[in-house]
Amino acid sequence: MARIRNQEHYDAVREKLLETGQQLFRQKSFFETGINDVLKQAGVAKGSFYHYFDSKEDFGIAVAHRYSDAQVDFAHRVLCDERVPPLTRLKNFFEAARSDMEHRRFAEGCLMCNLTTELADEVPTFQSELKGNWGDLSGEIAACLSQADLSKIGLAHLSADEAADWLLNAWSGALTRMKATGDDGPLNLFLKSVFRTGV
(Lines give C-alpha, C1' and ligand atoms only; values in the text may rest on other atoms or scores of the structure.)
Protein backbone atom coordinates (compact mmCIF):
# COMPACT_ATOMS: atom_id res chain seq x y z
CA MET A 1 0.00 0.00 0.00
CA ALA A 2 1.36 3.44 -0.95
CA ARG A 3 2.18 5.74 1.96
CA ILE A 4 -0.22 8.67 2.32
CA ARG A 5 1.70 11.95 2.43
CA ASN A 6 1.24 14.15 5.47
CA GLN A 7 0.59 17.41 3.59
CA GLU A 8 1.14 19.65 6.60
CA HIS A 9 4.54 18.07 7.31
CA TYR A 10 5.47 18.15 3.62
CA ASP A 11 4.63 21.86 3.36
CA ALA A 12 6.56 22.67 6.56
CA VAL A 13 9.70 20.88 5.37
CA ARG A 14 9.48 22.47 1.92
CA GLU A 15 9.15 25.92 3.50
CA LYS A 16 12.14 25.22 5.74
CA LEU A 17 14.22 24.28 2.72
CA LEU A 18 13.19 27.47 0.92
CA GLU A 19 13.96 29.62 3.94
CA THR A 20 17.36 27.99 4.32
CA GLY A 21 18.10 28.34 0.63
CA GLN A 22 17.26 32.03 0.79
CA GLN A 23 19.67 32.53 3.69
CA LEU A 24 22.51 30.62 2.02
CA PHE A 25 22.05 32.21 -1.39
CA ARG A 26 22.33 35.64 0.25
CA GLN A 27 25.34 34.67 2.36
CA LYS A 28 27.17 32.91 -0.48
CA SER A 29 25.62 32.51 -3.93
CA PHE A 30 23.44 30.12 -5.88
CA PHE A 31 26.38 28.32 -7.47
CA GLU A 32 28.40 28.15 -4.26
CA THR A 33 25.51 26.65 -2.29
CA GLY A 34 25.22 22.89 -2.59
CA ILE A 35 22.09 20.85 -2.03
CA ASN A 36 23.77 19.10 0.89
CA ASP A 37 24.56 22.51 2.43
CA VAL A 38 20.85 23.32 2.38
CA LEU A 39 19.81 19.95 3.79
CA LYS A 40 22.37 20.10 6.59
CA GLN A 41 21.48 23.60 7.71
CA ALA A 42 17.75 22.90 7.44
CA GLY A 43 18.11 19.67 9.42
CA VAL A 44 16.51 17.65 6.65
CA ALA A 45 17.66 14.11 5.86
CA LYS A 46 20.08 13.62 2.98
CA GLY A 47 18.50 12.17 -0.09
CA SER A 48 15.11 13.74 0.54
CA PHE A 49 15.66 16.92 -1.51
CA TYR A 50 14.09 15.49 -4.66
CA HIS A 51 10.87 14.73 -2.82
CA TYR A 52 10.34 18.51 -2.81
CA PHE A 53 12.11 19.87 -5.90
CA ASP A 54 12.89 18.43 -9.32
CA SER A 55 16.35 20.02 -9.51
CA LYS A 56 18.58 22.64 -7.94
CA GLU A 57 17.44 25.06 -10.64
CA ASP A 58 13.80 24.39 -9.76
CA PHE A 59 14.69 25.00 -6.11
CA GLY A 60 16.50 28.26 -6.92
CA ILE A 61 13.53 29.58 -8.87
CA ALA A 62 11.21 28.69 -5.98
CA VAL A 63 13.52 30.56 -3.57
CA ALA A 64 13.56 33.60 -5.86
CA HIS A 65 9.76 33.48 -6.14
CA ARG A 66 9.34 33.23 -2.37
CA TYR A 67 11.66 36.20 -1.81
CA SER A 68 9.91 38.25 -4.48
CA ASP A 69 6.46 37.51 -3.05
CA ALA A 70 7.58 38.79 0.35
CA GLN A 71 9.14 41.91 -1.19
CA VAL A 72 6.07 42.71 -3.27
CA ASP A 73 3.72 42.07 -0.35
CA PHE A 74 5.72 44.45 1.85
CA ALA A 75 5.87 47.05 -0.93
CA HIS A 76 2.11 46.83 -1.42
CA ARG A 77 1.41 47.37 2.27
CA VAL A 78 3.69 50.39 2.52
CA LEU A 79 3.11 51.99 -0.87
CA CYS A 80 -0.68 51.60 -0.97
CA ASP A 81 -1.37 53.09 2.46
CA GLU A 82 -3.44 56.06 1.34
CA ARG A 83 -3.44 57.52 4.86
CA VAL A 84 0.13 58.62 4.02
CA PRO A 85 1.13 61.03 1.19
CA PRO A 86 2.53 59.09 -1.79
CA LEU A 87 6.09 60.42 -1.70
CA THR A 88 6.25 59.82 2.05
CA ARG A 89 5.15 56.22 1.38
CA LEU A 90 7.92 55.92 -1.19
CA LYS A 91 10.53 57.28 1.22
CA ASN A 92 9.27 54.96 3.96
CA PHE A 93 9.63 52.00 1.62
CA PHE A 94 13.26 52.72 0.74
CA GLU A 95 14.17 53.65 4.32
CA ALA A 96 12.74 50.34 5.53
CA ALA A 97 14.86 48.54 2.92
CA ARG A 98 17.92 50.47 4.13
CA SER A 99 17.16 49.44 7.72
CA ASP A 100 16.95 45.81 6.64
CA MET A 101 20.39 46.08 5.06
CA GLU A 102 21.73 47.65 8.25
CA HIS A 103 20.35 44.68 10.20
CA ARG A 104 22.40 42.48 7.87
CA ARG A 105 25.49 44.64 8.41
CA PHE A 106 25.40 45.75 4.76
CA ALA A 107 26.97 42.42 3.81
CA GLU A 108 24.44 40.24 2.00
CA GLY A 109 22.74 42.59 -0.40
CA CYS A 110 19.37 42.04 -2.03
CA LEU A 111 18.70 38.47 -3.15
CA MET A 112 17.01 39.62 -6.38
CA CYS A 113 20.02 41.81 -7.19
CA ASN A 114 22.42 38.98 -6.39
CA LEU A 115 20.57 36.37 -8.43
CA THR A 116 20.11 38.77 -11.34
CA THR A 117 23.84 39.50 -11.44
CA GLU A 118 24.76 35.84 -11.06
CA LEU A 119 22.16 34.05 -13.17
CA ALA A 120 19.98 36.23 -15.40
CA ASP A 121 22.25 36.00 -18.44
CA GLU A 122 23.31 32.40 -17.73
CA VAL A 123 20.08 30.51 -17.12
CA PRO A 124 17.05 31.43 -19.31
CA THR A 125 14.49 30.15 -16.79
CA PHE A 126 15.98 32.37 -14.11
CA GLN A 127 15.97 35.33 -16.49
CA SER A 128 12.24 34.92 -17.04
CA GLU A 129 11.51 34.52 -13.33
CA LEU A 130 13.65 37.47 -12.28
CA LYS A 131 12.26 39.72 -15.01
CA GLY A 132 8.78 39.01 -13.69
CA ASN A 133 9.84 39.61 -10.10
CA TRP A 134 11.36 42.99 -10.92
CA GLY A 135 8.27 43.88 -12.92
CA ASP A 136 5.95 43.08 -10.02
CA LEU A 137 7.96 45.25 -7.62
CA SER A 138 8.22 48.09 -10.11
CA GLY A 139 4.45 47.90 -10.59
CA GLU A 140 3.84 48.54 -6.89
CA ILE A 141 6.14 51.56 -6.96
CA ALA A 142 4.50 52.87 -10.15
CA ALA A 143 1.04 52.63 -8.58
CA CYS A 144 2.24 54.86 -5.75
CA LEU A 145 3.99 57.28 -8.11
CA SER A 146 0.84 57.65 -10.22
CA GLN A 147 -0.62 59.58 -7.27
CA ALA A 148 2.48 61.73 -6.70
CA ASP A 149 3.89 64.98 -8.06
CA LEU A 150 7.01 63.60 -9.72
CA SER A 151 8.53 67.07 -10.05
CA LYS A 152 9.22 66.93 -6.30
CA ILE A 153 11.74 64.14 -6.88
CA GLY A 154 13.05 65.48 -10.18
CA LEU A 155 11.30 62.86 -12.35
CA ALA A 156 8.47 64.85 -13.93
CA HIS A 157 9.86 64.09 -17.40
CA LEU A 158 9.12 60.39 -16.85
CA SER A 159 5.91 58.41 -16.66
CA ALA A 160 5.08 56.69 -13.37
CA ASP A 161 6.20 53.36 -14.86
CA GLU A 162 9.48 54.82 -16.12
CA ALA A 163 10.13 56.59 -12.81
CA ALA A 164 9.53 53.34 -10.90
CA ASP A 165 12.00 51.50 -13.12
CA TRP A 166 14.58 54.28 -12.77
CA LEU A 167 14.29 54.25 -8.98
CA LEU A 168 14.73 50.48 -8.86
CA ASN A 169 17.70 50.67 -11.21
CA ALA A 170 19.36 53.34 -9.07
CA TRP A 171 18.56 51.52 -5.82
CA SER A 172 19.93 48.23 -7.19
CA GLY A 173 23.15 49.97 -8.14
CA ALA A 174 23.41 51.43 -4.66
CA LEU A 175 22.89 47.96 -3.16
CA THR A 176 25.65 46.53 -5.33
CA ARG A 177 28.03 49.36 -4.36
CA MET A 178 27.05 48.84 -0.70
CA LYS A 179 28.49 45.32 -0.78
CA ALA A 180 31.83 46.80 -1.81
CA THR A 181 31.87 49.64 0.73
CA GLY A 182 30.43 47.57 3.60
CA ASP A 183 28.37 50.51 4.85
CA ASP A 184 25.23 52.46 4.03
CA GLY A 185 26.94 55.32 2.23
CA PRO A 186 25.56 54.39 -1.23
CA LEU A 187 22.05 53.87 0.17
CA ASN A 188 22.07 57.18 2.01
CA LEU A 189 23.29 58.96 -1.13
CA PHE A 190 20.35 57.45 -3.04
CA LEU A 191 17.89 58.67 -0.40
CA LYS A 192 19.47 62.12 -0.25
CA SER A 193 19.49 62.42 -4.06
CA VAL A 194 15.89 61.34 -4.57
CA PHE A 195 14.22 62.98 -1.60
CA ARG A 196 16.50 66.04 -1.37
CA THR A 197 16.94 65.68 2.37
CA GLY A 198 19.63 64.62 4.81
CA VAL A 199 19.43 61.04 6.03
# chains A, B, ... in the order shown; residues from 1 in each chain; ligands from 1
call {"tool": "residues_around", "arguments": {"residues": "Leu145 (chain A)", "least_positions_apart": "5", "cutoff": "12 Å", "atoms": "only C-alpha atoms", "output": "list in words"}}
result
Leu79, Cys80, Pro85, Pro86, Leu87, Thr88, Arg89, Leu90, Lys91, Ser138, Gly139, Glu140, Leu150, Ser151, Lys152, Ile153, Leu155, Ala156, Leu158, Ser159, Ala160, Asp161, Glu162, Ala163, Ala164, Asp165, Trp166 and Leu167 of chain A
call {"tool": "residues_around", "arguments": {"residues": "Phe106 (chain A)", "least_positions_apart": "5", "cutoff": "12 Å", "atoms": "only C-alpha atoms", "output": "ChimeraX atom specification"}}
result
/A:26-27,97-101,174-187
call {"tool": "select_by_dssp", "arguments": {"residues": "region 64-184 of chain A", "states": "alpha helix (DSSP H)", "output": "VMD selection string"}}
result
chain A and resid 64 to 79 86 to 103 111 to 119 124 to 145 160 to 181
call {"tool": "atom_distance", "arguments": {"atom1": "CA of Tyr52 (chain A)", "atom2": "CA of Leu18 (chain A)"}}
result
10.1 Å
call {"tool": "atom_distance", "arguments": {"atom1": "CA of Val78 (chain A)", "atom2": "CA of Phe93 (chain A)"}}
result
6.2 Å
call {"tool": "closest_residue", "arguments": {"among": "A:Asp54, A:Asp69, A:Asp81, A:Asp37", "to": "Gly132 (chain A)", "atoms": "only C-alpha atoms"}}
result
A:Asp69
call {"tool": "atom_distance", "arguments": {"atom1": "CA of Ser68 (chain A)", "atom2": "CA of Lys46 (chain A)"}}
result
27.7 Å
call {"tool": "residues_around", "arguments": {"residues": "Lys40 (chain A)", "least_positions_apart": "3", "cutoff": "12 Å", "atoms": "only C-alpha atoms", "output": "list in words"}}
result
Lys16, Leu17, Thr20, Gly21, Leu24, Thr33, Gly34, Ile35, Asn36, Asp37, Gly43, Val44, Ala45, Lys46, Gly47, Ser48 and Phe49 of chain A
call {"tool": "closest_residue", "arguments": {"among": "A:Met112, A:Val194, A:Leu189, A:Ala96", "to": "Ser172 (chain A)", "atoms": "only C-alpha atoms"}}
result
A:Met112
